[in-house]
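Take a look at the structure below.
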Amino acid sequence: MRIAVLGSTGSIGTSCLDVIAANPERLELVGVTAHRRWELLAEQCRTFQPRWAVLSDETQHAAVSTAQASSTQWPSETELLVGPDAVERLASHPEVDTVVCGIVGAAGLRGAWAAVESGKRVAIANKETLVVAGPLVMQLAAKTGAELIPVDSEHSAIYQCLQSGRRADVKRIVLTASGGPFRGWSKSRLESEATIERALAHPTWQMGPKITIDSATMMNKALEIIEARWLFGLDADQISVVVHPQSIVHSFVEFVDGSVIAQLSPPDMKLPIQYALTYPERWEGISPKLDWSAVHQFDFAPPDLDAFPALALGFEVARRGGASGAVLNAANEVAVQRFLDGSLRFTDIPRACREILNAHNDDAHPTLSELLRQDAWAREEMLRWKS
Ligand code: MG
């Protein structure tokens, strides 16, 4: 299987390369992409010798050229392509079978779209693709025959649980949430004590800063509600969220007879990544295994909707559809950036997103370009937002 990894230098990308390295006879890395971390990209190319490497940020090209001229830093087996269009060319290349979409944020949409458009197997870790353009992406996949296999741990869990019953017999799905670093905090404590350092200290998952902040606000779960709504073709009221601080039960499906099927494993992204590559097969894995000779305790509790208002935004957007997903996602991306820059307080993130969502122009069946226009509008609104 010939694999292209979009966002190979990020958290999903590096885990994916670990999975490929563990299965060298069956998995072949043919393409990698990074935005600007070209040193790590070059190192990956020296190790895996893919045919193509893409650097999507053109401003980094000069640095690479200098390095190439002065040393043997860039491996000769790999052709270097530059610019955002090159990500799409790689994702749709006929000599690529499977595209792993690991680029964070709305920036990942174009590559994922190109992969779906060319009918690939698409291992989708970029939740924004479905949050922003869920109905369009699912329609396109149905048309081209692209196989969308989720990598997000909760959605991979749901996907695995769904193998045990008919889709028509699903009563609802339950997404688990770790609760993040502020689990158990009240609204007023969050107002005064939720600092950047505390928000970045996630108790169970090692991830990039954007998704770590999203976990702290629970906006990550809101985006996952929307992602699940489109990926699995469910109504918003068939989706629930439960807080499970151990992050071992990755989500579950309740069938109409009352049976609940769950997927469990230690928190490690290599498992859902590998499953998306090997489905419907399962291969020997390199992720840690649960030790059933030890004592385990699993807790489940309803989320605190008052302290974490982002969750309500997720359910609302899953119900509304249209451009609301694009607006919420874009507003949140800028809000997280502003929080990390110190120009927005933690509790302003969901507050500002709520105001911008309320102000957007509703459009029931937007085109992709309309979605991108609304995305740009929401970003500008969030840059200007003042409490
Ligand atoms: Mg997740």
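Following the order of the structure tokens, chains are lettered A, B, ..., residues in each are numbered from 1, and ligands are numbered from 1.
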
Inset, instruction - Check which residues fall inside 10 Å of ligand 1 when counting only C-alpha atoms and all ligand atoms, and print them as an NGL selection string. - result: :A and (125 or 127 or 151-157 or 175-178 or 205 or 211 or 215 or 220-221 or 223-224 or 250-251 or 269)

How close does each residue of range 210-295 of chain A get to range 316-340 of chain A, giving the shortest atom pair and distance in Å to one decimal for every residue with an atom at most 8 Å away, counting only C-alpha atoms, sorted by chain and residue number, as a tab-separated table?
```
residue	atom	partner	partner_atom	distance
A:Lys210	CA	A:Val336	CA	6.7
A:Ile213	CA	A:Val336	CA	6.9
A:Asp214	CA	A:Val336	CA	7.7
A:Leu223	CA	A:Asn329	CA	7.6
A:Ile225	CA	A:Ala318	CA	6.9
A:Ile226	CA	A:Ala318	CA	4.9
A:Arg229	CA	A:Ala318	CA	6.3
A:Asp235	CA	A:Arg319	CA	7.3
A:Ala236	CA	A:Arg319	CA	5.4
```

Inset, instruction - Write down as a ChimeraX atom specification the residues of range 175-381 of chain A whose backbone DSSP state falls under strand (DSSP E or B). - result: /A:175-177,239-243,249-255,260-264,301

Legend entry - Residue nearest Gly258 in chain A - candidates A:Glu77, A:Glu380, A:Asp169, A:Asp304, atoms counted: only C-alpha atoms: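 So, comparing all the options, the nearest one is A:Asp169.
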
Can you build me a table of range 84-108 of chain A residues sitting at most 12 Å from range 275-280 of chain A, with the closest atom pair per residue and its distance in Å to one decimal, using only C-alpha atoms, sorted by chain and residue number, as CSV?
```
residue,atom,partner,partner_atom,distance
A:Asp97,CA,A:Leu277,CA,10.2
A:Thr98,CA,A:Leu277,CA,7.5
A:Val99,CA,A:Leu277,CA,9.2
A:Val100,CA,A:Leu277,CA,8.5
A:Cys101,CA,A:Ala276,CA,11.2
```

Inset, instruction - Go through A:Trp74, A:Trp230, A:Phe182, A:Phe255 and flag the residue nearest Val137 in chain A, using only C-alpha atoms for the distances. - result: A:Trp230

Legend entry - Contact residues around Leu368 in chain A with only C-alpha atoms at 12 Å, ignoring same-chain residues under 2 positions, as a list in words: Leu109, Arg110, Trp113, Thr129, Val132, Ala133, Gly134, Pro135, Leu136, Val137, Leu140, Gly322, Ala323, Ala326, Asp363, His365, Pro366, Glu370, Leu371, Leu372, Arg373, Gln374 and Asp375 of chain A

Inset, instruction - For Ala301 in chain A, list every protein, DNA or RNA residue within 9 Å, evaluated using only C-alpha atoms, and leave out those in the same chain fewer than 5 positions away; present the list as a VMD selection string. - result: chain A and resid 242 to 244

Inset, instruction - Tell me which protein, DNA and RNA residues are within 9 Å of Asp268 in chain A, counting only C-alpha atoms, leaving out same-chain ones fewer than 4 positions away, and put them as a ChimeraX atom specification. - result: /A:15,153,205-206,272,287-288
